[in-house]
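The file start12.cif contains mmCIF, N, CA and C atoms:
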```cif
data_my_file
loop_
_atom_site.label_atom_id
_atom_site.label_comp_id
_atom_site.auth_asym_id
_atom_site.auth_seq_id
_atom_site.Cartn_x
_atom_site.Cartn_y
_atom_site.Cartn_z
N MET A 747 -27.38 -26.38 34.36
CA MET A 747 -27.10 -27.76 34.01
C MET A 747 -28.39 -28.55 33.98
N PRO A 748 -28.38 -29.65 33.31
CA PRO A 748 -29.60 -30.45 33.20
C PRO A 748 -29.95 -31.13 34.53
N CYS A 749 -31.21 -31.41 34.71
CA CYS A 749 -31.64 -32.10 35.93
C CYS A 749 -32.26 -33.46 35.63
N GLY A 750 -32.29 -33.86 34.38
CA GLY A 750 -32.89 -35.14 34.03
C GLY A 750 -32.11 -36.31 34.60
N ALA A 751 -32.81 -37.32 35.09
CA ALA A 751 -32.16 -38.50 35.64
C ALA A 751 -31.31 -39.18 34.57
N GLY A 752 -30.09 -39.47 34.90
CA GLY A 752 -29.18 -40.12 33.97
C GLY A 752 -28.24 -39.19 33.26
N THR A 753 -28.35 -37.87 33.48
CA THR A 753 -27.45 -36.94 32.81
C THR A 753 -26.13 -36.84 33.58
N TRP A 754 -25.07 -36.50 32.86
CA TRP A 754 -23.73 -36.45 33.42
C TRP A 754 -22.94 -35.34 32.73
N PRO A 755 -23.20 -34.07 33.08
CA PRO A 755 -22.46 -32.97 32.47
C PRO A 755 -21.07 -32.85 33.07
N ALA A 756 -20.13 -32.37 32.25
CA ALA A 756 -18.75 -32.22 32.73
C ALA A 756 -18.02 -31.15 31.94
N ILE A 757 -17.10 -30.50 32.63
CA ILE A 757 -16.12 -29.59 32.02
C ILE A 757 -14.78 -30.16 32.46
N TRP A 758 -13.95 -30.55 31.51
CA TRP A 758 -12.73 -31.25 31.88
C TRP A 758 -11.63 -31.06 30.86
N THR A 759 -10.41 -31.43 31.26
CA THR A 759 -9.28 -31.39 30.36
C THR A 759 -8.71 -32.79 30.23
N LEU A 760 -8.04 -33.00 29.12
CA LEU A 760 -7.39 -34.28 28.86
C LEU A 760 -6.06 -33.99 28.19
N GLY A 761 -5.05 -34.77 28.53
CA GLY A 761 -3.73 -34.56 27.95
C GLY A 761 -3.73 -34.73 26.45
N SER A 762 -2.93 -33.93 25.77
CA SER A 762 -2.91 -33.95 24.31
C SER A 762 -1.76 -34.78 23.76
N THR A 763 -1.13 -35.59 24.62
CA THR A 763 -0.04 -36.44 24.16
C THR A 763 -0.59 -37.75 23.61
N VAL A 764 0.28 -38.57 23.07
CA VAL A 764 -0.15 -39.87 22.53
C VAL A 764 -0.25 -40.93 23.62
N ASP A 765 0.12 -40.58 24.85
CA ASP A 765 0.00 -41.52 25.96
C ASP A 765 -1.45 -41.94 26.12
N VAL A 766 -1.67 -43.10 26.68
CA VAL A 766 -3.04 -43.56 26.94
C VAL A 766 -3.50 -43.05 28.30
N TRP A 767 -4.81 -43.01 28.46
CA TRP A 767 -5.38 -42.56 29.74
C TRP A 767 -5.09 -43.63 30.78
N PRO A 768 -4.74 -43.27 31.98
CA PRO A 768 -4.66 -41.93 32.55
C PRO A 768 -3.26 -41.32 32.53
N ASP A 769 -2.34 -41.94 31.76
CA ASP A 769 -0.95 -41.48 31.77
C ASP A 769 -0.81 -40.00 31.45
N GLN A 770 -1.66 -39.48 30.54
CA GLN A 770 -1.52 -38.08 30.14
C GLN A 770 -2.27 -37.13 31.06
N GLY A 771 -3.01 -37.66 32.01
CA GLY A 771 -3.70 -36.83 32.99
C GLY A 771 -5.06 -36.36 32.54
N GLU A 772 -5.90 -36.07 33.51
CA GLU A 772 -7.25 -35.54 33.30
C GLU A 772 -7.59 -34.66 34.49
N ILE A 773 -8.16 -33.50 34.22
CA ILE A 773 -8.61 -32.60 35.28
C ILE A 773 -10.11 -32.39 35.08
N ASP A 774 -10.91 -32.88 36.00
CA ASP A 774 -12.36 -32.65 35.96
C ASP A 774 -12.64 -31.34 36.69
N ILE A 775 -12.81 -30.28 35.92
CA ILE A 775 -13.06 -28.96 36.49
C ILE A 775 -14.44 -28.94 37.15
N MET A 776 -15.39 -29.60 36.52
CA MET A 776 -16.75 -29.72 37.06
C MET A 776 -17.35 -31.00 36.52
N GLU A 777 -17.88 -31.81 37.42
CA GLU A 777 -18.67 -32.98 37.05
C GLU A 777 -19.87 -33.01 37.98
N GLN A 778 -21.00 -33.37 37.41
CA GLN A 778 -22.22 -33.47 38.20
C GLN A 778 -22.79 -34.86 37.94
N THR A 779 -23.17 -35.54 38.98
CA THR A 779 -23.69 -36.89 38.81
C THR A 779 -25.17 -36.90 38.50
N GLY A 780 -25.63 -37.98 37.93
CA GLY A 780 -27.03 -38.11 37.56
C GLY A 780 -27.98 -38.27 38.73
N TRP A 781 -27.46 -38.53 39.91
CA TRP A 781 -28.34 -38.76 41.05
C TRP A 781 -28.20 -37.72 42.16
N ALA A 782 -27.29 -36.78 42.04
CA ALA A 782 -27.10 -35.75 43.07
C ALA A 782 -26.90 -34.41 42.38
N LYS A 783 -27.97 -33.78 41.96
CA LYS A 783 -27.91 -32.60 41.11
C LYS A 783 -27.31 -31.38 41.78
N SER A 784 -27.26 -31.33 43.08
CA SER A 784 -26.68 -30.16 43.74
C SER A 784 -25.23 -30.41 44.16
N THR A 785 -24.66 -31.55 43.79
CA THR A 785 -23.28 -31.86 44.12
C THR A 785 -22.40 -31.70 42.89
N VAL A 786 -21.34 -30.94 43.03
CA VAL A 786 -20.38 -30.72 41.96
C VAL A 786 -19.04 -31.30 42.41
N LEU A 787 -18.41 -32.06 41.53
CA LEU A 787 -17.14 -32.70 41.82
C LEU A 787 -16.00 -32.04 41.07
N GLY A 788 -14.82 -32.04 41.67
CA GLY A 788 -13.58 -31.63 41.02
C GLY A 788 -12.55 -32.72 41.28
N THR A 789 -12.00 -33.31 40.21
CA THR A 789 -11.16 -34.49 40.36
C THR A 789 -9.93 -34.40 39.47
N VAL A 790 -8.82 -34.93 39.96
CA VAL A 790 -7.60 -35.06 39.19
C VAL A 790 -7.33 -36.55 39.01
N HIS A 791 -7.15 -36.95 37.74
CA HIS A 791 -6.82 -38.34 37.42
C HIS A 791 -5.41 -38.39 36.85
N THR A 792 -4.59 -39.27 37.40
CA THR A 792 -3.23 -39.48 36.92
C THR A 792 -2.93 -40.97 37.00
N LEU A 793 -1.79 -41.36 36.53
CA LEU A 793 -1.38 -42.76 36.63
C LEU A 793 -1.28 -43.19 38.10
N ALA A 794 -1.01 -42.24 39.00
CA ALA A 794 -0.90 -42.55 40.42
C ALA A 794 -2.26 -42.69 41.10
N GLY A 795 -3.33 -42.23 40.46
CA GLY A 795 -4.67 -42.34 41.04
C GLY A 795 -5.71 -41.92 40.02
N TYR A 796 -6.59 -42.85 39.64
CA TYR A 796 -7.57 -42.56 38.59
C TYR A 796 -8.85 -43.34 38.85
N GLY A 797 -9.87 -43.03 38.04
CA GLY A 797 -11.18 -43.66 38.26
C GLY A 797 -11.66 -43.31 39.65
N GLY A 798 -12.14 -44.30 40.38
CA GLY A 798 -12.59 -44.09 41.75
C GLY A 798 -11.47 -43.75 42.71
N GLY A 799 -10.21 -43.89 42.27
CA GLY A 799 -9.07 -43.58 43.11
C GLY A 799 -8.43 -42.24 42.81
N GLY A 800 -9.09 -41.43 41.95
CA GLY A 800 -8.57 -40.10 41.66
C GLY A 800 -8.69 -39.19 42.86
N SER A 801 -7.93 -38.12 42.87
CA SER A 801 -7.99 -37.14 43.95
C SER A 801 -9.21 -36.25 43.71
N THR A 802 -10.23 -36.39 44.55
CA THR A 802 -11.48 -35.69 44.30
C THR A 802 -11.95 -34.90 45.50
N GLY A 803 -12.79 -33.93 45.23
CA GLY A 803 -13.46 -33.15 46.25
C GLY A 803 -14.80 -32.72 45.69
N SER A 804 -15.68 -32.27 46.57
CA SER A 804 -17.01 -31.87 46.11
C SER A 804 -17.52 -30.70 46.91
N THR A 805 -18.56 -30.08 46.36
CA THR A 805 -19.24 -28.99 47.05
C THR A 805 -20.71 -29.03 46.67
N THR A 806 -21.52 -28.36 47.44
CA THR A 806 -22.94 -28.26 47.15
C THR A 806 -23.22 -26.94 46.45
N VAL A 807 -23.90 -27.02 45.32
CA VAL A 807 -24.36 -25.85 44.59
C VAL A 807 -25.87 -26.04 44.47
N SER A 808 -26.61 -25.48 45.41
CA SER A 808 -28.03 -25.78 45.55
C SER A 808 -28.84 -25.45 44.30
N ASP A 809 -28.44 -24.45 43.55
CA ASP A 809 -29.20 -24.07 42.36
C ASP A 809 -28.43 -24.39 41.07
N ALA A 810 -27.65 -25.46 41.10
CA ALA A 810 -26.82 -25.85 39.94
C ALA A 810 -27.65 -26.07 38.69
N CYS A 811 -28.90 -26.48 38.84
CA CYS A 811 -29.75 -26.77 37.67
C CYS A 811 -30.56 -25.57 37.21
N THR A 812 -30.54 -24.50 37.96
CA THR A 812 -31.42 -23.38 37.62
C THR A 812 -30.71 -22.05 37.43
N ALA A 813 -29.41 -22.00 37.71
CA ALA A 813 -28.68 -20.74 37.60
C ALA A 813 -27.29 -20.98 37.00
N PHE A 814 -26.73 -19.95 36.39
CA PHE A 814 -25.38 -20.03 35.87
C PHE A 814 -24.38 -19.90 37.02
N HIS A 815 -23.27 -20.62 36.90
CA HIS A 815 -22.18 -20.53 37.87
C HIS A 815 -20.87 -20.57 37.12
N ASN A 816 -19.83 -20.03 37.75
CA ASN A 816 -18.49 -20.06 37.20
C ASN A 816 -17.72 -21.21 37.84
N TYR A 817 -17.27 -22.14 37.02
CA TYR A 817 -16.47 -23.27 37.48
C TYR A 817 -15.06 -23.03 36.98
N GLN A 818 -14.10 -23.04 37.92
CA GLN A 818 -12.75 -22.64 37.58
C GLN A 818 -11.71 -23.56 38.19
N ILE A 819 -10.55 -23.59 37.54
CA ILE A 819 -9.35 -24.13 38.17
C ILE A 819 -8.25 -23.09 38.01
N LYS A 820 -7.32 -23.13 38.92
CA LYS A 820 -6.08 -22.37 38.79
C LYS A 820 -4.98 -23.43 38.75
N TRP A 821 -4.36 -23.54 37.60
CA TRP A 821 -3.36 -24.58 37.34
C TRP A 821 -2.00 -23.92 37.25
N THR A 822 -1.16 -24.15 38.23
CA THR A 822 0.18 -23.58 38.26
C THR A 822 1.20 -24.72 38.15
N PRO A 823 2.48 -24.41 38.03
CA PRO A 823 3.48 -25.48 37.92
C PRO A 823 3.54 -26.41 39.13
N GLY A 824 2.95 -26.02 40.25
CA GLY A 824 3.04 -26.86 41.45
C GLY A 824 1.73 -27.26 42.08
N ALA A 825 0.58 -26.82 41.52
CA ALA A 825 -0.70 -27.13 42.16
C ALA A 825 -1.87 -26.90 41.21
N ILE A 826 -2.98 -27.54 41.52
CA ILE A 826 -4.24 -27.30 40.83
C ILE A 826 -5.27 -27.01 41.91
N ASP A 827 -5.94 -25.85 41.79
CA ASP A 827 -6.96 -25.44 42.76
C ASP A 827 -8.31 -25.35 42.05
N PHE A 828 -9.37 -25.71 42.76
CA PHE A 828 -10.72 -25.78 42.21
C PHE A 828 -11.63 -24.75 42.88
N TYR A 829 -12.47 -24.10 42.05
CA TYR A 829 -13.35 -23.03 42.54
C TYR A 829 -14.73 -23.12 41.90
N VAL A 830 -15.73 -22.67 42.64
CA VAL A 830 -17.06 -22.38 42.08
C VAL A 830 -17.37 -20.95 42.46
N ASP A 831 -17.64 -20.14 41.47
CA ASP A 831 -17.93 -18.72 41.69
C ASP A 831 -16.84 -18.03 42.50
N GLY A 832 -15.59 -18.40 42.23
CA GLY A 832 -14.45 -17.77 42.88
C GLY A 832 -14.12 -18.28 44.27
N LYS A 833 -14.88 -19.27 44.78
CA LYS A 833 -14.64 -19.81 46.13
C LYS A 833 -14.05 -21.21 46.02
N SER A 834 -12.89 -21.38 46.66
CA SER A 834 -12.23 -22.69 46.68
C SER A 834 -13.11 -23.69 47.43
N TYR A 835 -13.20 -24.91 46.93
CA TYR A 835 -14.06 -25.88 47.60
C TYR A 835 -13.40 -27.22 47.91
N ARG A 836 -12.13 -27.35 47.64
CA ARG A 836 -11.44 -28.59 48.00
C ARG A 836 -9.97 -28.27 48.19
N PRO A 837 -9.24 -29.13 48.90
CA PRO A 837 -7.81 -28.87 49.07
C PRO A 837 -7.09 -28.85 47.73
N SER A 838 -6.03 -28.09 47.66
CA SER A 838 -5.21 -28.04 46.45
C SER A 838 -4.67 -29.43 46.12
N TYR A 839 -4.60 -29.73 44.84
CA TYR A 839 -3.88 -30.92 44.40
C TYR A 839 -2.45 -30.46 44.16
N LEU A 840 -1.55 -30.87 45.05
CA LEU A 840 -0.17 -30.42 44.99
C LEU A 840 0.69 -31.38 44.16
N LYS A 841 1.62 -30.82 43.41
CA LYS A 841 2.50 -31.63 42.59
C LYS A 841 3.29 -32.59 43.48
N PRO A 842 3.09 -33.90 43.29
CA PRO A 842 3.85 -34.86 44.10
C PRO A 842 5.26 -35.06 43.54
N ALA A 843 6.10 -35.72 44.31
CA ALA A 843 7.47 -35.99 43.86
C ALA A 843 7.48 -36.98 42.70
N SER A 844 6.51 -37.88 42.67
CA SER A 844 6.45 -38.90 41.63
C SER A 844 5.89 -38.34 40.32
N ALA A 845 6.58 -38.61 39.22
CA ALA A 845 6.11 -38.15 37.91
C ALA A 845 4.77 -38.78 37.55
N ALA A 846 4.46 -39.95 38.11
CA ALA A 846 3.18 -40.62 37.83
C ALA A 846 2.00 -39.81 38.35
N GLY A 847 2.24 -38.92 39.30
CA GLY A 847 1.17 -38.11 39.87
C GLY A 847 1.08 -36.72 39.29
N TRP A 848 1.92 -36.39 38.29
CA TRP A 848 1.90 -35.04 37.74
C TRP A 848 2.27 -35.05 36.25
N PRO A 849 1.31 -35.37 35.38
CA PRO A 849 1.56 -35.26 33.94
C PRO A 849 1.21 -33.87 33.41
N PHE A 850 1.03 -32.91 34.29
CA PHE A 850 0.48 -31.61 33.92
C PHE A 850 1.53 -30.57 33.52
N ASP A 851 2.72 -31.05 33.16
CA ASP A 851 3.72 -30.16 32.57
C ASP A 851 3.60 -30.17 31.05
N LYS A 852 2.62 -30.89 30.55
CA LYS A 852 2.37 -30.99 29.11
C LYS A 852 0.99 -30.41 28.82
N PRO A 853 0.73 -30.03 27.57
CA PRO A 853 -0.56 -29.42 27.23
C PRO A 853 -1.76 -30.35 27.49
N GLN A 854 -2.87 -29.71 27.81
CA GLN A 854 -4.16 -30.37 27.97
C GLN A 854 -5.14 -29.65 27.05
N TYR A 855 -6.18 -30.34 26.61
CA TYR A 855 -7.22 -29.65 25.85
C TYR A 855 -8.52 -29.71 26.64
N LEU A 856 -9.39 -28.75 26.37
CA LEU A 856 -10.62 -28.56 27.12
C LEU A 856 -11.78 -29.27 26.45
N ILE A 857 -12.62 -29.93 27.25
CA ILE A 857 -13.80 -30.64 26.77
C ILE A 857 -14.99 -30.19 27.61
N LEU A 858 -16.09 -29.86 26.96
CA LEU A 858 -17.36 -29.60 27.63
C LEU A 858 -18.34 -30.59 27.04
N ASN A 859 -18.95 -31.43 27.86
CA ASN A 859 -19.85 -32.43 27.30
C ASN A 859 -21.00 -32.76 28.24
N LEU A 860 -22.01 -33.33 27.66
CA LEU A 860 -23.16 -33.85 28.39
C LEU A 860 -23.34 -35.30 27.98
N ALA A 861 -22.97 -36.21 28.86
CA ALA A 861 -23.17 -37.64 28.62
C ALA A 861 -24.53 -38.04 29.19
N VAL A 862 -25.05 -39.12 28.70
CA VAL A 862 -26.30 -39.67 29.22
C VAL A 862 -26.03 -41.11 29.61
N GLY A 863 -26.33 -41.44 30.87
CA GLY A 863 -26.04 -42.77 31.39
C GLY A 863 -24.59 -42.87 31.81
N GLY A 864 -24.12 -44.09 31.94
CA GLY A 864 -22.73 -44.31 32.34
C GLY A 864 -22.58 -44.40 33.84
N ILE A 865 -21.33 -44.53 34.26
CA ILE A 865 -21.04 -44.75 35.67
C ILE A 865 -21.56 -43.61 36.55
N LEU A 866 -21.26 -42.38 36.19
CA LEU A 866 -21.72 -41.26 37.02
C LEU A 866 -23.09 -40.73 36.59
N GLY A 867 -23.52 -41.03 35.38
CA GLY A 867 -24.85 -40.58 34.96
C GLY A 867 -25.96 -41.34 35.65
N GLY A 868 -25.75 -42.62 35.82
CA GLY A 868 -26.75 -43.45 36.48
C GLY A 868 -27.85 -43.88 35.53
N THR A 869 -28.91 -44.36 36.12
CA THR A 869 -30.05 -44.87 35.35
C THR A 869 -30.75 -43.73 34.64
N VAL A 870 -30.99 -43.92 33.35
CA VAL A 870 -31.62 -42.89 32.52
C VAL A 870 -33.13 -43.00 32.63
N ASN A 871 -33.78 -41.84 32.79
CA ASN A 871 -35.23 -41.77 32.78
C ASN A 871 -35.61 -40.94 31.56
N ASP A 872 -36.02 -41.62 30.49
CA ASP A 872 -36.34 -40.93 29.23
C ASP A 872 -37.36 -39.81 29.41
N ALA A 873 -38.26 -39.97 30.35
CA ALA A 873 -39.31 -38.96 30.55
C ALA A 873 -38.75 -37.63 31.03
N THR A 874 -37.56 -37.65 31.67
CA THR A 874 -36.99 -36.40 32.19
C THR A 874 -35.94 -35.81 31.26
N LEU A 875 -35.69 -36.44 30.11
CA LEU A 875 -34.64 -35.95 29.21
C LEU A 875 -35.13 -34.94 28.19
N SER A 876 -36.41 -34.85 27.97
CA SER A 876 -36.94 -33.93 26.97
C SER A 876 -36.53 -32.49 27.30
N GLY A 877 -35.90 -31.83 26.35
CA GLY A 877 -35.48 -30.45 26.56
C GLY A 877 -34.23 -30.30 27.41
N THR A 878 -33.59 -31.41 27.74
CA THR A 878 -32.39 -31.38 28.58
C THR A 878 -31.19 -30.89 27.78
N GLY A 879 -30.37 -30.09 28.41
CA GLY A 879 -29.16 -29.62 27.75
C GLY A 879 -28.20 -29.03 28.75
N LEU A 880 -26.97 -28.85 28.32
CA LEU A 880 -25.96 -28.16 29.09
C LEU A 880 -25.76 -26.81 28.44
N GLU A 881 -26.15 -25.76 29.12
CA GLU A 881 -26.08 -24.43 28.56
C GLU A 881 -24.83 -23.72 29.09
N VAL A 882 -24.00 -23.22 28.17
CA VAL A 882 -22.75 -22.56 28.52
C VAL A 882 -22.81 -21.12 28.03
N ASP A 883 -22.57 -20.18 28.92
CA ASP A 883 -22.59 -18.77 28.55
C ASP A 883 -21.27 -18.35 27.92
N TYR A 884 -20.15 -18.75 28.51
CA TYR A 884 -18.84 -18.41 27.96
C TYR A 884 -17.78 -19.33 28.53
N VAL A 885 -16.64 -19.36 27.87
CA VAL A 885 -15.45 -20.07 28.33
C VAL A 885 -14.28 -19.10 28.24
N ARG A 886 -13.51 -19.02 29.29
CA ARG A 886 -12.32 -18.17 29.29
C ARG A 886 -11.13 -18.97 29.77
N VAL A 887 -10.02 -18.76 29.11
CA VAL A 887 -8.77 -19.38 29.51
C VAL A 887 -7.74 -18.26 29.61
N TYR A 888 -7.10 -18.18 30.76
CA TYR A 888 -6.04 -17.19 30.98
C TYR A 888 -4.73 -17.93 31.12
N GLN A 889 -3.67 -17.34 30.57
CA GLN A 889 -2.34 -17.92 30.71
C GLN A 889 -1.44 -16.90 31.36
N MET A 890 -0.75 -17.35 32.42
CA MET A 890 0.18 -16.45 33.12
C MET A 890 1.37 -16.17 32.21
N PRO A 891 1.90 -14.95 32.27
CA PRO A 891 3.05 -14.62 31.41
C PRO A 891 4.30 -15.42 31.82
#
```

Rendering of file as structure tokens:
Amino acid sequence: MPCGAGTWPAIWTLGSTVDVWPDQGEIDIMEQTGWAKSTVLGTVHTLAGYGGGGSTGSTTVSDACTAFHNYQIKWTPGAIDFYVDGKSYRPSYLKPASAAGWPFDKPQYLILNLAVGGILGGTVNDATLSGTGLEVDYVRVYQMP
């Protein structure tokens, strides 16, 4: 992942319905902030909790900017679990009784992006952006039968 100040790489899903955000849900499989390069976040956004109020957890990946890692979720009908290199790093997000907290019975689509600036990107330092990029080796999606 990039290490330039102000970068904000993410791997995430967004609901494919016509509902507006956050009604259709969002799963941040991996987000890295512009000011803490070894911290990786995993967050669930729903109508019941979004933005700074989303259900989030984090872990330290000391070489996040210099080595490849596998960022994963396991999304089942009753929970979403977050992993880095096969190791769980935050409590499961369990399906709540309220429909506002679980829009994940509908399809989501996958997004991989590198934003510059913004709330989590922070202050941009143009001098550190040269040659910056988000390098992805592969993407795999498995569906249970």

Using only C-alpha atoms, which residues of stretch 838-888 of chain A come within 9 Å of stretch 817-827 of chain A, and what is the closest atom pair for each, with the distance in Å to one decimal? Give it as CSV, sorted by chain and residue number.
```
residue,atom,partner,partner_atom,distance
A:Ser838,CA,A:Asp827,CA,4.8
A:Tyr839,CA,A:Ile826,CA,5.1
A:Leu840,CA,A:Ala825,CA,4.4
A:Lys841,CA,A:Gly824,CA,4.9
A:Pro842,CA,A:Gly824,CA,8.5
A:Phe850,CA,A:Pro823,CA,7.9
A:Asp851,CA,A:Pro823,CA,7.1
```

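Atom C of A:Tyr855 is positioned 22.9 Å from atom C of A:Pro748.
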
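Distances here use only N, CA and C atoms; by that measure, the residue among A:Trp848, A:Gly788, A:Val766, A:Val862 closest to A:Gly800 is A:Gly788.
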
Exercise. Output the residue selection produced by the PyMOL selection byres ((chain A and resi 749) around 7) on the file above, formatted as an MDAnalysis selection string.
Key: chainID A and resid 747:748 750:753 783 811 874 878:879

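Picture a line from atom CA of A:Asp883 to atom CA of A:Ile757; it runs 13.1 Å.
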
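The shortest atom-to-atom distance to A:Met776, with only C-alpha atoms taken into account, belongs to A:Val830 out of A:Ala861, A:Ala846, A:Met890, A:Val830.
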
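Evaluated against the shown file, the PyMOL selection byres ((chain A and resi 789) around 8) gives Glu772, Ile773, Asp774, Ile775, Met776, Glu777, Val786, Leu787, Gly788, Val790, His791, Thr792, Gly800, Ser801, Thr802, Gly803, Ser804 and Phe828 of chain A.
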
Generate the output file for the selected residues, N, CA and C atoms, as an mmCIF file, keeping the file's coordinate frame.
```
data_model
loop_
_atom_site.group_PDB
_atom_site.id
_atom_site.type_symbol
_atom_site.label_atom_id
_atom_site.label_comp_id
_atom_site.auth_asym_id
_atom_site.auth_seq_id
_atom_site.Cartn_x
_atom_site.Cartn_y
_atom_site.Cartn_z
ATOM 1 N N GLU A 772 -5.900 -36.070 33.510
ATOM 2 C CA GLU A 772 -7.250 -35.540 33.300
ATOM 3 C C GLU A 772 -7.590 -34.660 34.490
ATOM 4 N N ILE A 773 -8.160 -33.500 34.220
ATOM 5 C CA ILE A 773 -8.610 -32.600 35.280
ATOM 6 C C ILE A 773 -10.110 -32.390 35.080
ATOM 7 N N ASP A 774 -10.910 -32.880 36.000
ATOM 8 C CA ASP A 774 -12.360 -32.650 35.960
ATOM 9 C C ASP A 774 -12.640 -31.340 36.690
ATOM 10 N N ILE A 775 -12.810 -30.280 35.920
ATOM 11 C CA ILE A 775 -13.060 -28.960 36.490
ATOM 12 C C ILE A 775 -14.440 -28.940 37.150
ATOM 13 N N MET A 776 -15.390 -29.600 36.520
ATOM 14 C CA MET A 776 -16.750 -29.720 37.060
ATOM 15 C C MET A 776 -17.350 -31.000 36.520
ATOM 16 N N GLU A 777 -17.880 -31.810 37.420
ATOM 17 C CA GLU A 777 -18.670 -32.980 37.050
ATOM 18 C C GLU A 777 -19.870 -33.010 37.980
ATOM 19 N N VAL A 786 -21.340 -30.940 43.030
ATOM 20 C CA VAL A 786 -20.380 -30.720 41.960
ATOM 21 C C VAL A 786 -19.040 -31.300 42.410
ATOM 22 N N LEU A 787 -18.410 -32.060 41.530
ATOM 23 C CA LEU A 787 -17.140 -32.700 41.820
ATOM 24 C C LEU A 787 -16.000 -32.040 41.070
ATOM 25 N N GLY A 788 -14.820 -32.040 41.670
ATOM 26 C CA GLY A 788 -13.580 -31.630 41.020
ATOM 27 C C GLY A 788 -12.550 -32.720 41.280
ATOM 28 N N VAL A 790 -8.820 -34.930 39.960
ATOM 29 C CA VAL A 790 -7.600 -35.060 39.190
ATOM 30 C C VAL A 790 -7.330 -36.550 39.010
ATOM 31 N N HIS A 791 -7.150 -36.950 37.740
ATOM 32 C CA HIS A 791 -6.820 -38.340 37.420
ATOM 33 C C HIS A 791 -5.410 -38.390 36.850
ATOM 34 N N THR A 792 -4.590 -39.270 37.400
ATOM 35 C CA THR A 792 -3.230 -39.480 36.920
ATOM 36 C C THR A 792 -2.930 -40.970 37.000
ATOM 37 N N GLY A 800 -9.090 -41.430 41.950
ATOM 38 C CA GLY A 800 -8.570 -40.100 41.660
ATOM 39 C C GLY A 800 -8.690 -39.190 42.860
ATOM 40 N N SER A 801 -7.930 -38.120 42.870
ATOM 41 C CA SER A 801 -7.990 -37.140 43.950
ATOM 42 C C SER A 801 -9.210 -36.250 43.710
ATOM 43 N N THR A 802 -10.230 -36.390 44.550
ATOM 44 C CA THR A 802 -11.480 -35.690 44.300
ATOM 45 C C THR A 802 -11.950 -34.900 45.500
ATOM 46 N N GLY A 803 -12.790 -33.930 45.230
ATOM 47 C CA GLY A 803 -13.460 -33.150 46.250
ATOM 48 C C GLY A 803 -14.800 -32.720 45.690
ATOM 49 N N SER A 804 -15.680 -32.270 46.570
ATOM 50 C CA SER A 804 -17.010 -31.870 46.110
ATOM 51 C C SER A 804 -17.520 -30.700 46.910
ATOM 52 N N PHE A 828 -9.370 -25.710 42.760
ATOM 53 C CA PHE A 828 -10.720 -25.780 42.210
ATOM 54 C C PHE A 828 -11.630 -24.750 42.880
#
```

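The space separating atom C of A:Gly832 from atom N of A:Thr805 comes to 12.8 Å.
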
Quiz item: Residues around (-26.3, -31.3, 41.8), cut-off 9 Å, counting only C-alpha atoms - what are they as an NGL selection string?
Solution: :A and (747 or 749 or 778-786 or 806-811)

Would you export the selected residues with N, CA and C atoms as a JSON list (two decimals), in the coordinates of the input, please?
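Final output, out_25.json:
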```
[["chain", "number", "residue", "atom", "x", "y", "z"],
["A", 747, "MET", "N", -27.38, -26.38, 34.36],
["A", 747, "MET", "CA", -27.10, -27.76, 34.01],
["A", 747, "MET", "C", -28.39, -28.55, 33.98],
["A", 749, "CYS", "N", -31.21, -31.41, 34.71],
["A", 749, "CYS", "CA", -31.64, -32.10, 35.93],
["A", 749, "CYS", "C", -32.26, -33.46, 35.63],
["A", 778, "GLN", "N", -21.00, -33.37, 37.41],
["A", 778, "GLN", "CA", -22.22, -33.47, 38.20],
["A", 778, "GLN", "C", -22.79, -34.86, 37.94],
["A", 779, "THR", "N", -23.17, -35.54, 38.98],
["A", 779, "THR", "CA", -23.69, -36.89, 38.81],
["A", 779, "THR", "C", -25.17, -36.90, 38.50],
["A", 780, "GLY", "N", -25.63, -37.98, 37.93],
["A", 780, "GLY", "CA", -27.03, -38.11, 37.56],
["A", 780, "GLY", "C", -27.98, -38.27, 38.73],
["A", 781, "TRP", "N", -27.46, -38.53, 39.91],
["A", 781, "TRP", "CA", -28.34, -38.76, 41.05],
["A", 781, "TRP", "C", -28.20, -37.72, 42.16],
["A", 782, "ALA", "N", -27.29, -36.78, 42.04],
["A", 782, "ALA", "CA", -27.10, -35.75, 43.07],
["A", 782, "ALA", "C", -26.90, -34.41, 42.38],
["A", 783, "LYS", "N", -27.97, -33.78, 41.96],
["A", 783, "LYS", "CA", -27.91, -32.60, 41.11],
["A", 783, "LYS", "C", -27.31, -31.38, 41.78],
["A", 784, "SER", "N", -27.26, -31.33, 43.08],
["A", 784, "SER", "CA", -26.68, -30.16, 43.74],
["A", 784, "SER", "C", -25.23, -30.41, 44.16],
["A", 785, "THR", "N", -24.66, -31.55, 43.79],
["A", 785, "THR", "CA", -23.28, -31.86, 44.12],
["A", 785, "THR", "C", -22.40, -31.70, 42.89],
["A", 786, "VAL", "N", -21.34, -30.94, 43.03],
["A", 786, "VAL", "CA", -20.38, -30.72, 41.96],
["A", 786, "VAL", "C", -19.04, -31.30, 42.41],
["A", 806, "THR", "N", -21.52, -28.36, 47.44],
["A", 806, "THR", "CA", -22.94, -28.26, 47.15],
["A", 806, "THR", "C", -23.22, -26.94, 46.45],
["A", 807, "VAL", "N", -23.90, -27.02, 45.32],
["A", 807, "VAL", "CA", -24.36, -25.85, 44.59],
["A", 807, "VAL", "C", -25.87, -26.04, 44.47],
["A", 808, "SER", "N", -26.61, -25.48, 45.41],
["A", 808, "SER", "CA", -28.03, -25.78, 45.55],
["A", 808, "SER", "C", -28.84, -25.45, 44.30],
["A", 809, "ASP", "N", -28.44, -24.45, 43.55],
["A", 809, "ASP", "CA", -29.20, -24.07, 42.36],
["A", 809, "ASP", "C", -28.43, -24.39, 41.07],
["A", 810, "ALA", "N", -27.65, -25.46, 41.10],
["A", 810, "ALA", "CA", -26.82, -25.85, 39.94],
["A", 810, "ALA", "C", -27.65, -26.07, 38.69],
["A", 811, "CYS", "N", -28.90, -26.48, 38.84],
["A", 811, "CYS", "CA", -29.75, -26.77, 37.67],
["A", 811, "CYS", "C", -30.56, -25.57, 37.21]]
```

With 3 Å of padding per side, what axis-aligned box (centre and edge lengths, Å, one decimal) covers all the listed atoms of stretch 836-841 of chain A? Give it as AutoDock Vina command-line options.
```
--center_x -4.4 --center_y -30.0 --center_z 45.8 --size_x 21.4 --size_y 11.2 --size_z 12.5
```
